[in-house]
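Peer 1: Pasting a structure here, questions to come.
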Amino acid sequence: MKSKIIFFLLLVPFLLSQNSFAQKASTKSKVDALVKLKQDSIENTVLRGFPVAPFRDTLFYINHRVGSFSAENRAKLISEKIKLLYDDDYFVADSIKIANSEFGEDIVYKSNTVLMSVLSVDTINADATVAKIAQRNLKIISKAVVKEKLNHSTLVILKRIGLTFLVLFLILLLLYLTNKIFGKLKNFLLVKNAKYFSGLRFKTIEILSPERQQFVVIRIVSVIKVLVFILIVYLSLPLLFSFFPATEGYADTLLNWIFTPAKSVFMGFVGFLPNLFSIIVIVVIFKYAIKVLKFFVDEIKRENIHIDGFYSDWAAPTFNIVKLLLYAFMVVLIFPKLPGSDSNIFKGVSVFVGILFSLGSSNAIANMVAGLVITYMRPFKIGDFIKIGDVSGEVIEKTALVTRVRTGKMEDITIPNATVLSSTSTNYSANTHANAPGLVVHTTVTIGYDVPWKEVHKALIEAASRTDFIQKTPLPYVLQTALDDFYVGYQINAFTKEPNKQPLIYSSLHQNIQDCCNEAGIEIMSPHYLASRDGSASTIPGSYMGKIK
């Protein structure tokens with residue numbers, strides 16, 4: 001037992017020492033890993049380079065600072081020293097050499113002017129040695145200075161001026177020829193107007209007359225001519241600017257103003273092609289679906305297809321509603337595939353237009369809904385003679401928003417469908433079809449009690465039978481509508497199938513009532529007048545006195 005205790009006491013310190021050693025080793029390995037990770041991070045960091053650009057174009061970049069000189073200050077100082085080489089009238093390219101220094105290699109000019117120093121820090125992320133970097137930069141500097149001096153030599157300047165005048169001459173010649181071509185084209189269109197301009201029509205609608213079509217085409221040709229002139233001048237400017245180093249940057253700018261948007265549009269169009277094909281497929285499917293639907297609608301309108309409870313005059317409005325819903329569904333499918341549909345500006349404009357439409361079209365929507373309800377109520381159709389409120393006339397047009405009525409005075413009155421729906425409408429043509437008895441026209445006269453009612457009935461029926469547009473069958477009939485204190489009210493009723501001619505029918509009926517009553521010796525007068533009669537002559541015209549039976 002004692003030996004076991006001693007063994008345990010010796011084992012505990014050993015285990016503790018092993019654990020401490022393991023912890024130290026683990027800590028050291030973590031530190032080494034962090035140091036290595038930091039070194040790798042420094043080496044893999046993409047440093048911001050500052051350009052050395054003494055003559056507009058960038059020669060190379062400076063990425064690292066040296067002492068108190070930042071990379072930006074180093075780049076500016078090197079650019080200034082290279083400019084001094086250009087200002088040296090006795091510059092010789094071979095005078096630029098590489099000299100070893102304590103910290104790296106220097107690029108010097110005439111052994112006394114240090115243009116730049118290439119240090120070991122410049123090799124980080126460069127994949128090149130100090131010597132290779134120095135040799136590369138020397139060649140770049142020498143070539144840039146020689147090129148700049150050559151660009152500003154007198155002979156080169158004279159050549160550039162000569163090229164400028166040559167290009168200007170060619171531009172003017174091209175503009176002259178372009179103007180001639182468009183002038184001849186315009187004269188050709190004016191001379192051949194009868195051959196090429198017959199007007200533009202869509203079915204029976206004339207969109208453009210021949211004269212208007214010619215005017216539009218000539219205007220389009222003139223606009224194209226102006227655009228060609230602008231394009232020629234604009235594309236010539238970069239060429240002219242490229243002749244001189246001082247304006248060479250403007251040439252690139254002008255070209256970028258055209259080619260950058262053009263490239264953007266072209267790449268956008270290429271990217272849009274898959275969606276474009278999808279849109280075409282969707283449009284084709286919906287187009288032929290509507291054509292199939294139109295076929296069934298036409299058959300229903302011709303009454304070749306019968307559907308219980310569905311009237312043939314419902315076919316056209318129902319087709320328009322279904323077509324509108326199909327187009328709306330098609331737009332919903334196409335909208336996400338349009339370029340820019342997911343942009344905030346596009347969404348904002350859509351919401352704005354929707355709000356404007358909602359606020360500004362409340363009355364229009366009310367009339368459209370009323371027009372839809374009227375269509376399926378079928379209170380009247382085009383050609384019917386109706387009365388809405390105080391307006392009576394023939395229905396000449398029914399649209400989604402309004403109903404137009406032409407009165408007997410040839411006045412076209414437009415009534416909003418919401419007003420039609422909220423008003424009481426009377427259809428005089430509802431029972432004038434072939435199997436119906438017709439519309440009953442009626443008028444009332446008052447005759448005194450001294451005249452036998454049978455004679456009055458006979459005279460009124462005779463007057464109705466003489467009236468044009470009155471049906472022979474059913475026969476006219478008379479109703480006694482009142483037995484007042486001094487007279488009896490007689491109402492003549494007759495049938496007609498010409499409700500549109502009601503004013504003429506009533507006028508003729510009243511004339512015939514007068515004639516027939518006069519022939520029968522019946523005075524159409526108020527009994528009050530008879531009571532105060534002082535023996536004056538009868539109101540019946542003398543020409544009828546001999547005809548009184």
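Convention: chains lettered A, B, ... in structure tokens order; per-chain residue numbering from 1; ligands numbered from 1 as shown.
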Which of stretch 48-112 of chain A end up as strand (DSSP E or B) when DSSP is run on this backbone - answer as a list of chain:residue names?
Peer 2: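 Here are the strand (DSSP E or B) residues of stretch 48-112 of chain A: A:Phe50, A:Pro51, A:Val52, A:Phe55, A:Asp57, A:Phe60, A:Tyr61, A:Ile62, A:Val66, A:Phe69, A:Ile96, A:Lys97, A:Ile98, A:Ala99, A:Asn100, A:Gly104, A:Glu105, A:Asp106, A:Ile107, A:Val108, A:Tyr109.
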Peer 1: DSSP on the backbone: which residues in stretch 64-185 of chain A end up as helix (DSSP H, G or I)? Give the answer as a ChimeraX atom specification.
Peer 2: /A:71-87,93-95,120-123,130-151,154-185
Peer 1: Which residue out of A:Leu338, A:Ile470, A:Met410, A:Ile524 has the minimum interatomic distance to A:Gly271 when only C-alpha atoms are used?
Peer 2: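 Between A:Leu338, A:Ile470, A:Met410, A:Ile524, the residue approaching A:Gly271 most closely is A:Leu338.
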Peer 1: Env of stretch 64-81 of chain A: 7 Å cut, atoms = only C-alpha atoms, seq-sep filter 5 positions within chain, self excluded. Answer as an MDAnalysis selection string.
Peer 2: chainID A and resid 50:54 115:116 121:122
Peer 1: So that I can check the surroundings of A:Phe229, please list as number ranges by chain every protein, DNA and RNA residue that reaches within 10 Å of it, counting only C-alpha atoms and ignoring chain neighbours fewer than 2 positions away.
Peer 2: A: 171, 174-176, 178-179, 223-227, 231-234
Peer 1: Go ahead and save the residues from that selection, with C-alpha atoms, as a compact mmCIF listing (two decimals), in the first residue's frame.
Peer 2:
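File produced: selection-v4.txt:
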```
# COMPACT_ATOMS: atom_id res chain seq x y z
CA ILE A 171 -14.98 65.90 -94.87
CA LEU A 174 -18.16 63.92 -98.27
CA LEU A 175 -20.72 66.42 -96.96
CA TYR A 176 -21.13 67.87 -100.47
CA THR A 178 -24.09 63.46 -99.24
CA ASN A 179 -26.10 66.62 -99.82
CA VAL A 223 -34.15 64.31 -90.89
CA ILE A 224 -31.96 61.38 -92.01
CA LYS A 225 -29.81 63.81 -94.03
CA VAL A 226 -29.25 66.01 -90.97
CA LEU A 227 -28.40 62.97 -88.83
CA LEU A 231 -22.57 61.68 -87.72
CA ILE A 232 -19.95 62.52 -90.35
CA VAL A 233 -18.79 65.63 -88.48
CA TYR A 234 -18.83 63.91 -85.10
```
Peer 1: Compile the contact shell of A:Thr123 as a PDB file with C-alpha atoms, in the first residue's frame: residues with an atom at most 12 Å away, counting only C-alpha atoms, same-chain residues fewer than 5 positions apart removed.
Peer 2:
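Heads up, here's the output in result_21.pdb:
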```pdb
ATOM      1  CA  GLU A  43       2.296  39.443 -49.610  1.00  0.00           C
ATOM      2  CA  ILE A  62       4.731  53.052 -57.710  1.00  0.00           C
ATOM      3  CA  ASN A  63       3.221  50.842 -55.014  1.00  0.00           C
ATOM      4  CA  HIS A  64       5.441  51.235 -51.916  1.00  0.00           C
ATOM      5  CA  GLY A 104      19.200  48.868 -54.648  1.00  0.00           C
ATOM      6  CA  VAL A 118      14.453  50.724 -57.453  1.00  0.00           C
ATOM      7  CA  ALA A 128      10.788  40.263 -60.660  1.00  0.00           C
ATOM      8  CA  THR A 129      14.183  41.172 -59.237  1.00  0.00           C
ATOM      9  CA  VAL A 130      15.462  44.705 -58.569  1.00  0.00           C
ATOM     10  CA  ALA A 131      17.702  44.539 -61.651  1.00  0.00           C
ATOM     11  CA  LYS A 132      14.879  43.464 -63.965  1.00  0.00           C
ATOM     12  CA  ILE A 133      12.550  46.179 -62.683  1.00  0.00           C
ATOM     13  CA  ALA A 134      15.251  48.830 -63.093  1.00  0.00           C
TER      14      ALA A 134
END
```
Peer 1: Given the choices A:Phe215, A:Phe266, A:Ile447, A:Ile505, which gets closest to A:Gly521 if the distance is worked out from only C-alpha atoms?
Peer 2: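 Smallest separation from A:Gly521 among the options: A:Ile447.
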Peer 1: Could you state the separation of atom CA of A:Leu254 and atom CA of A:Leu150 in Å, given to one decimal place?
Peer 2: 25.4 Å
Peer 1: List the spatial neighbours of stretch 422-424 of chain A as a list in words - criterion: any atom at most 8 Å away, only C-alpha atoms, same-chain residues fewer than 3 positions off excluded.
Peer 2: Ile388, Gly389, Ala418 and Thr419 of chain A
Peer 1: Those selected residues, please, written with N, CA and C atoms and delivered as a PDB file, in the first residue's frame.
Peer 2:
```
ATOM      1  N   ILE A 388     -84.794  57.934 -72.172  1.00  0.00           N
ATOM      2  CA  ILE A 388     -83.998  57.929 -70.941  1.00  0.00           C
ATOM      3  C   ILE A 388     -84.160  59.300 -70.305  1.00  0.00           C
ATOM      4  N   GLY A 389     -84.831  59.347 -69.173  1.00  0.00           N
ATOM      5  CA  GLY A 389     -85.104  60.642 -68.558  1.00  0.00           C
ATOM      6  C   GLY A 389     -86.009  61.453 -69.453  1.00  0.00           C
ATOM      7  N   ALA A 418     -73.289  55.564 -66.638  1.00  0.00           N
ATOM      8  CA  ALA A 418     -73.692  55.604 -65.232  1.00  0.00           C
ATOM      9  C   ALA A 418     -75.047  56.291 -65.089  1.00  0.00           C
ATOM     10  N   THR A 419     -75.295  57.335 -65.890  1.00  0.00           N
ATOM     11  CA  THR A 419     -76.599  58.005 -65.876  1.00  0.00           C
ATOM     12  C   THR A 419     -77.687  57.097 -66.436  1.00  0.00           C
TER      13      THR A 419
END
```
Peer 1: Any idea what the distance is between atom CA of A:Leu59 and atom CA of A:Asn137?
Peer 2: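 Separation of atom CA of A:Leu59 and atom CA of A:Asn137: 8.2 Å.
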Peer 1: Which of these residues is nearest to A:Ile386, using only C-alpha atoms: A:Pro317, A:Gln502, A:Ala434, A:Glu303?
Peer 2: A:Gln502
Peer 1: Which value, in Å to one decimal, gives the distance between atom CA of A:Ser198 and atom CA of A:Pro210?
Peer 2: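 Here the two named atoms are 5.0 Å from each other.
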Peer 1: Would you please work out which residue, of A:Gly354, A:Pro379, A:Gly489, A:Gly268, is nearest to A:Gly340 when using only C-alpha atoms?
Peer 2: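 Under the stated criterion, the closest residue is A:Gly268.
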Peer 1: A:Ile522: which residues within 10 Å, counting only C-alpha atoms, same-chain residues fewer than 2 positions away excluded, as a PDB file with N, CA and C atoms, in the first residue's frame?
Peer 2:
```pdb
ATOM      1  N   ILE A 447    -114.834  64.709 -74.751  1.00  0.00           N
ATOM      2  CA  ILE A 447    -116.073  65.047 -75.470  1.00  0.00           C
ATOM      3  C   ILE A 447    -117.190  65.187 -74.431  1.00  0.00           C
ATOM      4  N   GLY A 448    -118.111  66.102 -74.691  1.00  0.00           N
ATOM      5  CA  GLY A 448    -119.200  66.329 -73.751  1.00  0.00           C
ATOM      6  C   GLY A 448    -120.167  65.157 -73.667  1.00  0.00           C
ATOM      7  N   ASP A 450    -123.226  65.172 -74.102  1.00  0.00           N
ATOM      8  CA  ASP A 450    -124.316  65.238 -75.057  1.00  0.00           C
ATOM      9  C   ASP A 450    -124.060  64.414 -76.311  1.00  0.00           C
ATOM     10  N   VAL A 451    -122.848  63.962 -76.504  1.00  0.00           N
ATOM     11  CA  VAL A 451    -122.489  63.161 -77.687  1.00  0.00           C
ATOM     12  C   VAL A 451    -122.513  61.689 -77.289  1.00  0.00           C
ATOM     13  N   PRO A 452    -123.229  60.831 -78.002  1.00  0.00           N
ATOM     14  CA  PRO A 452    -123.257  59.396 -77.680  1.00  0.00           C
ATOM     15  C   PRO A 452    -121.844  58.777 -77.777  1.00  0.00           C
ATOM     16  N   GLU A 455    -120.785  56.921 -81.040  1.00  0.00           N
ATOM     17  CA  GLU A 455    -120.352  57.739 -82.167  1.00  0.00           C
ATOM     18  C   GLU A 455    -118.898  58.193 -81.992  1.00  0.00           C
ATOM     19  N   VAL A 456    -118.548  58.505 -80.774  1.00  0.00           N
ATOM     20  CA  VAL A 456    -117.153  58.912 -80.502  1.00  0.00           C
ATOM     21  C   VAL A 456    -116.201  57.753 -80.778  1.00  0.00           C
ATOM     22  N   ALA A 459    -115.767  57.282 -84.515  1.00  0.00           N
ATOM     23  CA  ALA A 459    -114.948  58.321 -85.149  1.00  0.00           C
ATOM     24  C   ALA A 459    -113.468  58.134 -84.828  1.00  0.00           C
ATOM     25  N   GLN A 514    -109.272  64.984 -85.843  1.00  0.00           N
ATOM     26  CA  GLN A 514    -109.996  66.216 -86.144  1.00  0.00           C
ATOM     27  C   GLN A 514    -110.943  66.029 -87.339  1.00  0.00           C
ATOM     28  N   ASP A 515    -110.417  65.423 -88.403  1.00  0.00           N
ATOM     29  CA  ASP A 515    -111.235  65.217 -89.603  1.00  0.00           C
ATOM     30  C   ASP A 515    -112.437  64.337 -89.310  1.00  0.00           C
ATOM     31  N   CYS A 516    -112.206  63.195 -88.656  1.00  0.00           N
ATOM     32  CA  CYS A 516    -113.294  62.244 -88.416  1.00  0.00           C
ATOM     33  C   CYS A 516    -114.352  62.808 -87.460  1.00  0.00           C
ATOM     34  N   CYS A 517    -113.931  63.535 -86.443  1.00  0.00           N
ATOM     35  CA  CYS A 517    -114.879  64.134 -85.511  1.00  0.00           C
ATOM     36  C   CYS A 517    -115.688  65.228 -86.210  1.00  0.00           C
ATOM     37  N   ASN A 518    -115.015  66.002 -87.047  1.00  0.00           N
ATOM     38  CA  ASN A 518    -115.748  67.043 -87.783  1.00  0.00           C
ATOM     39  C   ASN A 518    -116.751  66.427 -88.743  1.00  0.00           C
ATOM     40  N   GLU A 519    -116.347  65.326 -89.409  1.00  0.00           N
ATOM     41  CA  GLU A 519    -117.267  64.662 -90.339  1.00  0.00           C
ATOM     42  C   GLU A 519    -118.474  64.081 -89.610  1.00  0.00           C
ATOM     43  N   ALA A 520    -118.252  63.650 -88.360  1.00  0.00           N
ATOM     44  CA  ALA A 520    -119.353  63.055 -87.579  1.00  0.00           C
ATOM     45  C   ALA A 520    -120.140  64.101 -86.814  1.00  0.00           C
ATOM     46  N   ILE A 524    -114.818  68.907 -80.716  1.00  0.00           N
ATOM     47  CA  ILE A 524    -113.810  68.608 -79.688  1.00  0.00           C
ATOM     48  C   ILE A 524    -113.575  69.907 -78.942  1.00  0.00           C
ATOM     49  N   MET A 525    -114.415  70.113 -77.904  1.00  0.00           N
ATOM     50  CA  MET A 525    -114.340  71.368 -77.150  1.00  0.00           C
ATOM     51  C   MET A 525    -114.558  71.074 -75.685  1.00  0.00           C
ATOM     52  N   THR A 539    -118.064  75.462 -84.035  1.00  0.00           N
ATOM     53  CA  THR A 539    -116.617  75.427 -84.302  1.00  0.00           C
ATOM     54  C   THR A 539    -116.270  74.470 -85.424  1.00  0.00           C
ATOM     55  N   ILE A 540    -117.261  73.706 -85.918  1.00  0.00           N
ATOM     56  CA  ILE A 540    -116.976  72.779 -87.022  1.00  0.00           C
ATOM     57  C   ILE A 540    -116.845  73.589 -88.299  1.00  0.00           C
ATOM     58  N   ILE A 548    -121.918  66.081 -92.568  1.00  0.00           N
ATOM     59  CA  ILE A 548    -122.368  65.540 -91.281  1.00  0.00           C
ATOM     60  C   ILE A 548    -123.549  64.611 -91.522  1.00  0.00           C
TER      61      ILE A 548
END
```
